[in-house]
file model.cif (mmCIF, C-alpha atoms and all ligand atoms)
data_protein
loop_
_atom_site.label_atom_id
_atom_site.label_comp_id
_atom_site.auth_asym_id
_atom_site.auth_seq_id
_atom_site.Cartn_x
_atom_site.Cartn_y
_atom_site.Cartn_z
CA MET T 1 -69.88 37.46 -36.36
CA ALA T 2 -73.08 39.35 -37.14
CA ALA T 3 -74.28 41.83 -34.51
CA GLY T 4 -77.42 40.46 -32.93
CA ASP T 5 -76.50 36.77 -33.33
CA TYR T 6 -77.53 35.77 -29.82
CA ASN T 7 -77.26 32.07 -30.64
CA ALA T 8 -73.55 32.57 -31.25
CA VAL T 9 -73.29 34.31 -27.87
CA ARG T 10 -75.15 31.42 -26.23
CA ASP T 11 -72.64 28.98 -27.76
CA ALA T 12 -69.72 31.02 -26.46
CA ILE T 13 -71.24 31.13 -22.96
CA ARG T 14 -71.71 27.35 -22.98
CA LYS T 15 -68.01 26.99 -23.80
CA ILE T 16 -66.87 28.93 -20.71
CA ILE T 17 -69.10 27.02 -18.24
CA PRO T 18 -66.74 24.05 -17.74
CA GLN T 19 -63.90 25.43 -15.56
CA ALA T 20 -61.71 22.58 -14.36
CA SER T 21 -59.97 24.60 -11.67
CA TYR T 22 -63.10 26.28 -10.28
CA ASP T 23 -65.85 25.06 -7.90
CA ASP T 24 -67.11 21.59 -8.81
CA GLY T 25 -65.59 22.15 -12.27
CA SER T 26 -68.27 24.62 -13.28
CA ALA T 27 -68.87 28.36 -13.58
CA GLY T 28 -72.60 27.65 -14.06
CA PRO T 29 -73.85 28.41 -10.52
CA VAL T 30 -71.92 31.64 -10.11
CA LEU T 31 -73.22 32.82 -13.50
CA VAL T 32 -76.78 32.21 -12.28
CA ARG T 33 -76.05 34.21 -9.15
CA LEU T 34 -74.64 37.09 -11.22
CA ALA T 35 -77.86 37.27 -13.28
CA TRP T 36 -79.93 37.23 -10.08
CA HIS T 37 -77.92 39.87 -8.24
CA ALA T 38 -77.77 42.12 -11.29
CA SER T 39 -81.59 42.03 -11.38
CA GLY T 40 -82.60 41.64 -7.73
CA THR T 41 -81.85 45.25 -6.76
CA TYR T 42 -85.12 46.30 -8.35
CA ASP T 43 -87.52 48.46 -6.39
CA LYS T 44 -90.99 48.50 -7.88
CA ALA T 45 -92.12 51.65 -6.08
CA SER T 46 -89.35 53.90 -7.43
CA GLY T 47 -88.55 51.96 -10.61
CA THR T 48 -84.87 51.93 -9.61
CA GLY T 49 -82.39 49.05 -9.73
CA GLY T 50 -82.69 45.94 -11.91
CA SER T 51 -80.53 44.49 -14.67
CA ASN T 52 -80.82 47.31 -17.19
CA GLY T 53 -77.74 49.52 -17.15
CA ALA T 54 -75.45 46.81 -15.71
CA THR T 55 -74.66 49.04 -12.75
CA MET T 56 -72.59 46.27 -11.15
CA ARG T 57 -69.83 47.47 -13.50
CA PHE T 58 -69.29 50.17 -10.88
CA LYS T 59 -67.28 49.51 -7.71
CA LEU T 60 -70.05 50.98 -5.63
CA GLU T 61 -72.36 48.08 -6.51
CA ALA T 62 -69.71 45.38 -7.11
CA GLY T 63 -68.45 46.18 -3.60
CA ASP T 64 -71.81 45.48 -1.91
CA GLU T 65 -70.81 42.56 0.30
CA ALA T 66 -73.72 40.53 -1.10
CA ASN T 67 -71.83 40.58 -4.41
CA ASN T 68 -68.60 39.06 -3.08
CA GLY T 69 -67.35 36.41 -5.48
CA LEU T 70 -69.33 37.63 -8.48
CA GLU T 71 -66.09 39.02 -9.88
CA TYR T 72 -65.39 35.41 -10.95
CA ALA T 73 -68.58 35.31 -13.00
CA ARG T 74 -67.85 38.69 -14.58
CA LYS T 75 -64.27 37.62 -15.32
CA TYR T 76 -65.38 34.37 -17.00
CA LEU T 77 -67.66 36.41 -19.25
CA ASP T 78 -65.01 38.94 -20.29
CA PRO T 79 -63.74 36.90 -23.27
CA VAL T 80 -67.34 36.52 -24.47
CA LYS T 81 -67.82 40.28 -24.31
CA LYS T 82 -64.55 40.72 -26.25
CA GLN T 83 -65.75 38.28 -28.88
CA PHE T 84 -69.15 40.01 -29.20
CA PRO T 85 -68.53 43.67 -28.35
CA TRP T 86 -72.02 44.64 -29.57
CA ILE T 87 -73.80 42.88 -26.71
CA SER T 88 -74.41 45.01 -23.62
CA TYR T 89 -73.11 43.76 -20.27
CA ALA T 90 -76.69 43.95 -19.01
CA ASP T 91 -77.82 41.53 -21.71
CA LEU T 92 -74.72 39.33 -21.40
CA TRP T 93 -75.03 38.85 -17.63
CA THR T 94 -78.72 38.00 -17.78
CA LEU T 95 -78.33 35.75 -20.83
CA ALA T 96 -75.45 33.89 -19.14
CA GLY T 97 -77.76 33.00 -16.24
CA VAL T 98 -80.35 31.61 -18.61
CA VAL T 99 -77.79 29.63 -20.62
CA ALA T 100 -76.20 28.25 -17.43
CA ILE T 101 -79.56 27.06 -16.04
CA GLU T 102 -80.33 25.22 -19.25
CA TYR T 103 -76.79 23.83 -19.49
CA MET T 104 -77.12 22.36 -15.99
CA GLY T 105 -80.35 20.57 -16.92
CA GLY T 106 -82.82 23.24 -15.85
CA PRO T 107 -85.76 24.66 -17.76
CA LYS T 108 -85.59 26.96 -20.75
CA VAL T 109 -86.15 30.50 -19.54
CA ASP T 110 -87.55 33.15 -21.88
CA TRP T 111 -85.02 35.89 -22.40
CA LYS T 112 -85.26 39.06 -24.45
CA PRO T 113 -82.32 41.25 -25.49
CA GLY T 114 -82.33 45.04 -25.55
CA ARG T 115 -80.84 46.10 -22.20
CA VAL T 116 -78.37 48.95 -22.50
CA ASP T 117 -75.27 49.92 -20.52
CA ASP T 118 -76.09 53.61 -20.54
CA ALA T 119 -76.33 54.11 -16.79
CA ASP T 120 -73.60 56.00 -15.01
CA VAL T 121 -72.56 55.69 -11.39
CA GLN T 122 -75.43 57.83 -10.11
CA TYR T 123 -77.85 55.06 -11.09
CA VAL T 124 -76.23 52.51 -8.79
CA PRO T 125 -78.95 51.36 -6.39
CA PRO T 126 -78.16 51.58 -2.67
CA ASN T 127 -76.20 48.66 -1.21
CA GLY T 128 -78.23 46.31 0.96
CA ARG T 129 -81.18 45.64 -1.36
CA LEU T 130 -80.31 41.94 -1.76
CA PRO T 131 -81.44 39.46 0.89
CA ASP T 132 -79.49 38.87 4.10
CA ALA T 133 -79.09 35.13 4.76
CA THR T 134 -79.03 35.51 8.54
CA LYS T 135 -82.65 36.70 8.62
CA GLY T 136 -86.14 35.18 8.53
CA GLU T 137 -89.44 35.18 6.66
CA ASP T 138 -90.33 38.86 7.28
CA HIS T 139 -87.08 39.99 5.73
CA ILE T 140 -87.45 37.63 2.77
CA ARG T 141 -90.96 38.94 2.12
CA SER T 142 -89.96 42.58 2.39
CA VAL T 143 -87.10 42.13 -0.10
CA PHE T 144 -89.05 40.11 -2.68
CA TYR T 145 -92.35 41.99 -2.33
CA ARG T 146 -90.31 45.15 -3.02
CA MET T 147 -89.41 43.58 -6.39
CA GLY T 148 -93.03 42.58 -7.04
CA PHE T 149 -92.91 38.84 -6.30
CA ASN T 150 -95.46 36.79 -4.32
CA ASP T 151 -94.91 33.89 -1.90
CA GLN T 152 -95.13 31.21 -4.59
CA GLU T 153 -92.58 32.99 -6.77
CA ILE T 154 -90.26 33.50 -3.78
CA VAL T 155 -90.18 29.76 -3.09
CA ALA T 156 -89.77 28.88 -6.77
CA LEU T 157 -86.83 31.28 -7.09
CA SER T 158 -85.26 29.95 -3.90
CA GLY T 159 -84.99 26.61 -5.69
CA ALA T 160 -81.89 28.09 -7.37
CA HIS T 161 -80.09 26.87 -4.24
CA ASN T 162 -80.06 23.48 -5.94
CA LEU T 163 -77.02 25.03 -7.59
CA GLY T 164 -73.62 25.99 -6.31
CA ARG T 165 -72.27 26.48 -2.86
CA CYS T 166 -71.44 28.98 -0.14
CA HIS T 167 -67.88 30.15 0.38
CA ALA T 168 -66.70 31.17 3.85
CA GLU T 169 -64.51 33.95 2.46
CA ARG T 170 -67.38 35.44 0.43
CA SER T 171 -70.48 35.21 2.63
CA GLY T 172 -69.31 33.60 5.87
CA PHE T 173 -71.36 30.48 5.07
CA GLU T 174 -69.85 27.34 3.62
CA GLY T 175 -70.81 24.25 1.67
CA PRO T 176 -73.33 23.13 -0.95
CA TRP T 177 -77.07 22.64 -0.43
CA VAL T 178 -77.27 19.41 -2.45
CA PRO T 179 -74.92 16.54 -3.35
CA MET T 180 -74.83 17.43 -7.08
CA PRO T 181 -74.57 21.22 -7.12
CA THR T 182 -74.06 21.54 -10.87
CA ARG T 183 -77.26 19.68 -11.84
CA PHE T 184 -80.51 21.60 -11.72
CA SER T 185 -83.19 19.63 -9.83
CA ASN T 186 -85.76 19.88 -7.02
CA THR T 187 -83.49 18.08 -4.53
CA TYR T 188 -83.14 21.26 -2.46
CA PHE T 189 -86.86 21.14 -1.60
CA LYS T 190 -86.75 17.42 -0.80
CA LEU T 191 -83.78 17.93 1.50
CA LEU T 192 -85.35 20.94 3.21
CA LEU T 193 -88.29 18.71 4.20
CA ARG T 194 -86.66 15.37 4.81
CA SER T 195 -83.33 15.88 6.46
CA GLN T 196 -82.60 16.56 10.07
CA TRP T 197 -80.96 19.99 10.07
CA ILE T 198 -78.63 20.80 12.92
CA LYS T 199 -77.69 24.35 13.86
CA ARG T 200 -73.89 24.48 14.06
CA LYS T 201 -71.11 27.01 13.86
CA ASN T 202 -69.02 26.54 10.73
CA SER T 203 -65.23 26.79 10.42
CA VAL T 204 -65.34 30.59 10.58
CA GLY T 205 -67.75 30.67 13.52
CA VAL T 206 -70.92 31.52 11.57
CA GLU T 207 -74.12 29.66 12.48
CA GLN T 208 -75.68 27.62 9.70
CA TYR T 209 -77.72 24.42 9.43
CA THR T 210 -75.99 21.22 8.41
CA ASP T 211 -76.94 17.59 7.86
CA GLU T 212 -75.69 14.90 10.23
CA ASP T 213 -72.53 14.31 8.21
CA ASN T 214 -71.79 18.04 8.04
CA GLU T 215 -71.60 17.82 4.23
CA LEU T 216 -74.70 19.71 3.14
CA MET T 217 -75.99 23.01 4.45
CA MET T 218 -78.94 25.36 4.69
CA LEU T 219 -78.96 29.08 5.40
CA PRO T 220 -81.24 30.57 8.07
CA THR T 221 -83.31 32.05 5.19
CA ASP T 222 -83.63 28.57 3.61
CA MET T 223 -84.96 27.20 6.90
CA ALA T 224 -87.51 30.05 7.05
CA LEU T 225 -89.15 28.50 3.97
CA VAL T 226 -90.12 25.40 5.95
CA LYS T 227 -90.92 27.25 9.15
CA ASP T 228 -93.40 29.66 7.60
CA PRO T 229 -96.63 27.75 6.74
CA LYS T 230 -97.38 29.71 3.56
CA PHE T 231 -93.89 29.20 2.18
CA ARG T 232 -93.87 25.59 3.35
CA ALA T 233 -96.91 24.70 1.25
CA TRP T 234 -94.93 25.66 -1.86
CA VAL T 235 -91.82 23.80 -0.68
CA GLU T 236 -94.00 20.68 -0.36
CA LYS T 237 -95.52 21.24 -3.79
CA TYR T 238 -92.13 21.64 -5.50
CA SER T 239 -90.66 18.72 -3.61
CA ASP T 240 -93.43 16.45 -4.97
CA ASP T 241 -93.87 17.94 -8.42
CA LYS T 242 -90.67 18.56 -10.31
CA ASP T 243 -92.48 19.68 -13.47
CA ALA T 244 -94.40 22.35 -11.56
CA PHE T 245 -91.13 23.58 -10.05
CA TYR T 246 -89.39 23.77 -13.42
CA ARG T 247 -92.33 25.62 -14.96
CA ASP T 248 -92.72 28.07 -12.08
CA PHE T 249 -88.98 28.61 -11.73
CA ALA T 250 -88.68 29.41 -15.44
CA ALA T 251 -91.54 31.92 -15.22
CA ALA T 252 -90.23 33.60 -12.06
CA PHE T 253 -86.59 33.73 -13.23
CA GLY T 254 -87.71 35.18 -16.58
CA LYS T 255 -89.72 37.82 -14.69
CA LEU T 256 -86.71 38.60 -12.45
CA LEU T 257 -84.48 39.36 -15.43
CA GLU T 258 -87.07 41.74 -16.88
CA LEU T 259 -87.56 43.82 -13.72
CA GLY T 260 -87.18 47.50 -14.54
CA VAL T 261 -86.52 46.85 -18.22
CA VAL T 262 -88.85 49.20 -20.04
CA ARG T 263 -88.70 48.62 -23.77
CA GLY T 264 -89.39 51.02 -26.59
CA PRO T 265 -91.15 50.05 -29.83
CA GLU T 266 -88.08 48.27 -31.23
CA GLY T 267 -87.46 46.24 -28.10
CA LYS T 268 -84.52 48.32 -26.97
CA ALA T 269 -84.61 49.14 -23.29
CA MET T 270 -85.08 52.74 -22.34
CA ARG T 271 -83.93 54.14 -19.08
CA GLN T 272 -86.62 56.20 -17.47
CA TYR T 273 -84.22 58.88 -16.38
CA ALA T 274 -86.66 60.97 -14.45
CA ARG T 275 -87.87 58.09 -12.31
CA ALA T 276 -84.70 56.10 -12.10
CA LYS T 277 -82.36 58.83 -10.93
CA LEU T 278 -81.63 58.24 -7.26
FE1 LIG I 1 -78.65 32.64 -3.17
N1 LIG I 1 -77.04 32.67 -1.92
N2 LIG I 1 -79.75 33.61 -1.80
N3 LIG I 1 -80.17 32.75 -4.51
N4 LIG I 1 -77.46 31.79 -4.58
C1 LIG I 1 -75.79 32.13 -2.15
C2 LIG I 1 -75.41 31.41 -3.26
C3 LIG I 1 -76.21 31.25 -4.38
C4 LIG I 1 -79.34 34.00 -0.56
C5 LIG I 1 -78.05 33.94 -0.06
C6 LIG I 1 -77.00 33.27 -0.69
C7 LIG I 1 -81.40 33.26 -4.25
C8 LIG I 1 -81.88 33.64 -2.99
C9 LIG I 1 -81.10 33.84 -1.89
C10 LIG I 1 -77.86 31.45 -5.85
C11 LIG I 1 -79.03 31.83 -6.48
C12 LIG I 1 -80.10 32.46 -5.84
C13 LIG I 1 -74.95 32.39 -1.02
C14 LIG I 1 -73.50 31.96 -0.90
C15 LIG I 1 -75.70 33.09 -0.12
C16 LIG I 1 -75.24 33.57 1.26
C17 LIG I 1 -72.56 32.98 -1.52
C18 LIG I 1 -71.12 32.56 -1.41
O1 LIG I 1 -70.66 32.38 -0.28
O2 LIG I 1 -70.48 32.40 -2.45
C19 LIG I 1 -80.47 34.49 0.21
C20 LIG I 1 -80.41 35.02 1.61
C21 LIG I 1 -81.57 34.37 -0.61
C22 LIG I 1 -82.98 34.66 -0.26
O3 LIG I 1 -83.89 34.46 -1.12
C23 LIG I 1 -83.41 35.04 0.90
C24 LIG I 1 -82.16 33.37 -5.47
C25 LIG I 1 -83.57 33.95 -5.56
C26 LIG I 1 -81.35 32.87 -6.47
C27 LIG I 1 -81.62 32.78 -7.94
O4 LIG I 1 -80.76 32.55 -8.72
C28 LIG I 1 -82.99 32.95 -8.47
C29 LIG I 1 -76.84 30.64 -6.47
C30 LIG I 1 -76.91 30.02 -7.87
C31 LIG I 1 -75.81 30.51 -5.55
C32 LIG I 1 -74.49 29.73 -5.71
C33 LIG I 1 -73.37 30.63 -6.13
C34 LIG I 1 -72.05 29.94 -6.24
O5 LIG I 1 -71.05 30.65 -6.32
O6 LIG I 1 -71.98 28.71 -6.28
#

call {"tool": "encode", "arguments": {"input": "model.cif", "output": "structure tokens", "more": "lines below"}}
Ligand code: DDH
result
Amino acid sequence: MAAGDYNAVRDAIRKIIPQASYDDGSAGPVLVRLAWHASGTYDKASGTGGSNGATMRFKLEAGDEANNGLEYARKYLDPVKKQFPWISYADLWTLAGVVAIEYMGGPKVDWKPGRVDDADVQYVPPNGRLPDATKGEDHIRSVFYRMGFNDQEIVALSGAHNLGRCHAERSGFEGPWVPMPTRFSNTYFKLLLRSQWIKRKNSVGVEQYTDEDNELMMLPTDMALVKDPKFRAWVEKYSDDKDAFYRDFAAAFGKLLELGVVRGPEGKAMRQYARAKL
């Protein structure tokens, strides 16, 4: 297989998405979360964090409790890496998110290769940069503004909770947000606005919001999106206008994967050692 044949890599990723013995028969959602957590450590002010360097290869970052469960995503991608040893982990993890979104019926997200795995353990960003689901709108803003996102982009990105589920043993929360968690859609926004959400303790004693039947859930941070008037305006927009959501999600997710990726003239990412060193 020719080095640089990203279409062949995309095909191989599509093949590992159906996983009969895993969540809802699909590795798609956890692959999306891997791409997001690999990128969402970015800090605009210092230029540190982000997908370049694939620092989640190191225990120090993989062990951040926010990353619990992402070992499944990395494990599913191992055979793809073996098949295409020339692709960097940083490119593979981000590309897998993009392929999974499209596979599950979501929009096409622009993706560019060129990330490198040159970072060593000293480039691991501090634990705790990813959002904490027990918190509210101020916390959400401080985390996403740090990356360089605005309110509209925050809500668009949050629409990824149309996919997948929470696992008590990973995050303390449990259950899916929507009835079809392996189909990309704007149902999450519709449910946020239309359902009666009841605060309840789940099976491990953690407070979350559930529907009347206790089948679907919302995190405290999800509820903050309807409580805060500025966020809520975007939730209403994306609930009514699926095309706008798909377009804005694709733009914001594409931007997320590029955070901190500084490319040289040939498109290959360069680590800005002086700035990035923590
Ligand atoms: Fe999320 N997310 N997320 N999320 N997320 C969880 C699962 C998934 C927060 C907390 C959690 C985004 C934003 C936030 C996905 C994608 C994205 C879980 C459950 C928690 C907790 C983990 C587990 O138990 O396995 C919080 C807080 C925020 C926030 O914005 C404040 C964003 C921006 C994305 C994105 O992809 C752009 C996906 C997909 C999942 C489902 C994973 C799975 O295994 O299924």

call {"tool": "residues_near_point", "arguments": {"input": "model.cif", "point": "(-88.9, 35.9, 14.0)", "cutoff": "12 Å", "atoms": "all atoms listed in the file", "output": "VMD selection string"}}
result
chain T and resid 134 to 140 220 to 221 223 to 224 227 to 228

call {"tool": "write_last_selection", "arguments": {"input": "model.cif", "atoms": "C-alpha atoms", "output": "tab-separated table (two decimals), in the frame of the given file"}}
result
chain	number	residue	atom	x	y	z
T	134	THR	CA	-79.03	35.51	8.54
T	135	LYS	CA	-82.65	36.70	8.62
T	136	GLY	CA	-86.14	35.18	8.53
T	137	GLU	CA	-89.44	35.18	6.66
T	138	ASP	CA	-90.33	38.86	7.28
T	139	HIS	CA	-87.08	39.99	5.73
T	140	ILE	CA	-87.45	37.63	2.77
T	220	PRO	CA	-81.24	30.57	8.07
T	221	THR	CA	-83.31	32.05	5.19
T	223	MET	CA	-84.96	27.20	6.90
T	224	ALA	CA	-87.51	30.05	7.05
T	227	LYS	CA	-90.92	27.25	9.15
T	228	ASP	CA	-93.40	29.66	7.60

call {"tool": "closest_residue", "arguments": {"input": "model.cif", "among": "T:Arg194, T:His37, T:Arg183, T:Lys201", "to": "Met104 (chain T)", "atoms": "only C-alpha atoms"}}
result
T:Arg183

call {"tool": "atom_distance", "arguments": {"input": "model.cif", "atom1": "CA of Gly50 (chain T)", "atom2": "CA of Met270 (chain T)"}}
result
12.7 Å

call {"tool": "atom_distance", "arguments": {"input": "model.cif", "atom1": "CA of Arg115 (chain T)", "atom2": "CA of Gly53 (chain T)"}}
result
6.8 Å

call {"tool": "residues_around", "arguments": {"input": "model.cif", "residues": "region 63-65 of chain T", "least_positions_apart": "2", "cutoff": "8 Å", "atoms": "only C-alpha atoms", "output": "PyMOL selection string"}}
result
chain T and resi 59-61+67-68+127-128+170-171

call {"tool": "axis_aligned_box", "arguments": {"input": "model.cif", "around": "ligand LIG 1 (chain I)", "padding_each_side": "4 Å", "output": "lines of an AutoDock Vina configuration file"}}
result
center_x = -77.2
center_y = 31.9
center_z = -3.6
size_x = 21.4
size_y = 14.3
size_z = 18.3

call {"tool": "closest_residue", "arguments": {"input": "model.cif", "among": "T:Val226, T:Ala160, T:Ala3, T:Leu77", "to": "ligand LIG 1 (chain I)", "atoms": "all atoms listed in the file"}}
result
T:Ala160

call {"tool": "residues_around", "arguments": {"input": "model.cif", "residues": "region 72-74 of chain T", "least_positions_apart": "2", "cutoff": "8 Å", "atoms": "all atoms listed in the file", "output": "list in words"}}
result
Ala27, Val30, Leu31, Leu34, Gly69, Leu70, Tyr76, Leu77, Asp78 and Trp93 of chain T

call {"tool": "write_last_selection", "arguments": {"input": "model.cif", "atoms": "C-alpha atoms", "output": "short mmCIF file (atom, residue, chain, number, x, y, z; two decimals), in the coordinates of the input"}}
result
data_model
loop_
_atom_site.label_atom_id
_atom_site.label_comp_id
_atom_site.auth_asym_id
_atom_site.auth_seq_id
_atom_site.Cartn_x
_atom_site.Cartn_y
_atom_site.Cartn_z
CA ALA T 27 -68.87 28.36 -13.58
CA VAL T 30 -71.92 31.64 -10.11
CA LEU T 31 -73.22 32.82 -13.50
CA LEU T 34 -74.64 37.09 -11.22
CA GLY T 69 -67.35 36.41 -5.48
CA LEU T 70 -69.33 37.63 -8.48
CA TYR T 76 -65.38 34.37 -17.00
CA LEU T 77 -67.66 36.41 -19.25
CA ASP T 78 -65.01 38.94 -20.29
CA TRP T 93 -75.03 38.85 -17.63
#

call {"tool": "decode", "arguments": {"input": "model.cif", "residues": "region 176-234 of chain T", "atoms": "C-alpha atoms", "output": "tab-separated table (two decimals), in the first residue's frame"}}
result
chain	number	residue	atom	x	y	z
T	176	PRO	CA	-27.21	7.47	25.99
T	177	TRP	CA	-28.45	10.97	25.16
T	178	VAL	CA	-30.64	9.86	22.24
T	179	PRO	CA	-32.53	6.69	21.21
T	180	MET	CA	-30.27	6.00	18.20
T	181	PRO	CA	-26.77	6.74	19.47
T	182	THR	CA	-24.96	5.50	16.37
T	183	ARG	CA	-26.79	7.80	13.92
T	184	PHE	CA	-25.61	11.38	13.66
T	185	SER	CA	-28.55	13.81	13.90
T	186	ASN	CA	-29.82	16.92	15.71
T	187	THR	CA	-32.05	14.88	18.05
T	188	TYR	CA	-29.90	15.85	21.04
T	189	PHE	CA	-30.94	19.50	20.63
T	190	LYS	CA	-34.61	18.61	20.18
T	191	LEU	CA	-34.55	16.47	23.31
T	192	LEU	CA	-32.73	19.12	25.33
T	193	LEU	CA	-35.60	21.52	24.61
T	194	ARG	CA	-38.62	19.25	24.56
T	195	SER	CA	-38.25	16.62	27.22
T	196	GLN	CA	-38.91	16.93	30.90
T	197	TRP	CA	-35.52	16.29	32.51
T	198	ILE	CA	-35.51	14.95	36.03
T	199	LYS	CA	-32.49	15.21	38.32
T	200	ARG	CA	-31.84	11.72	39.70
T	201	LYS	CA	-29.02	9.73	41.19
T	202	ASN	CA	-27.91	6.94	38.87
T	203	SER	CA	-26.95	3.38	39.83
T	204	VAL	CA	-23.58	4.51	41.17
T	205	GLY	CA	-25.02	7.45	43.10
T	206	VAL	CA	-24.01	10.21	40.66
T	207	GLU	CA	-26.56	12.94	39.89
T	208	GLN	CA	-27.60	13.24	36.27
T	209	TYR	CA	-30.73	14.26	34.37
T	210	THR	CA	-32.97	11.57	32.94
T	211	ASP	CA	-36.21	11.39	30.98
T	212	GLU	CA	-39.37	10.05	32.60
T	213	ASP	CA	-38.61	6.47	31.57
T	214	ASN	CA	-35.05	6.72	32.85
T	215	GLU	CA	-33.75	5.62	29.43
T	216	LEU	CA	-32.10	8.78	28.13
T	217	MET	CA	-29.82	11.15	29.97
T	218	MET	CA	-28.24	14.59	30.05
T	219	LEU	CA	-25.14	15.74	31.89
T	220	PRO	CA	-25.18	18.86	34.07
T	221	THR	CA	-23.06	20.55	31.34
T	222	ASP	CA	-25.67	19.59	28.70
T	223	MET	CA	-28.40	21.22	30.80
T	224	ALA	CA	-26.28	24.38	31.08
T	225	LEU	CA	-26.76	24.82	27.32
T	226	VAL	CA	-30.49	25.37	27.78
T	227	LYS	CA	-30.17	27.33	31.01
T	228	ASP	CA	-27.78	29.94	29.64
T	229	PRO	CA	-29.70	32.27	27.27
T	230	LYS	CA	-26.82	32.78	24.83
T	231	PHE	CA	-26.19	29.05	24.49
T	232	ARG	CA	-29.92	28.35	24.37
T	233	ALA	CA	-30.41	30.51	21.28
T	234	TRP	CA	-28.03	28.20	19.41
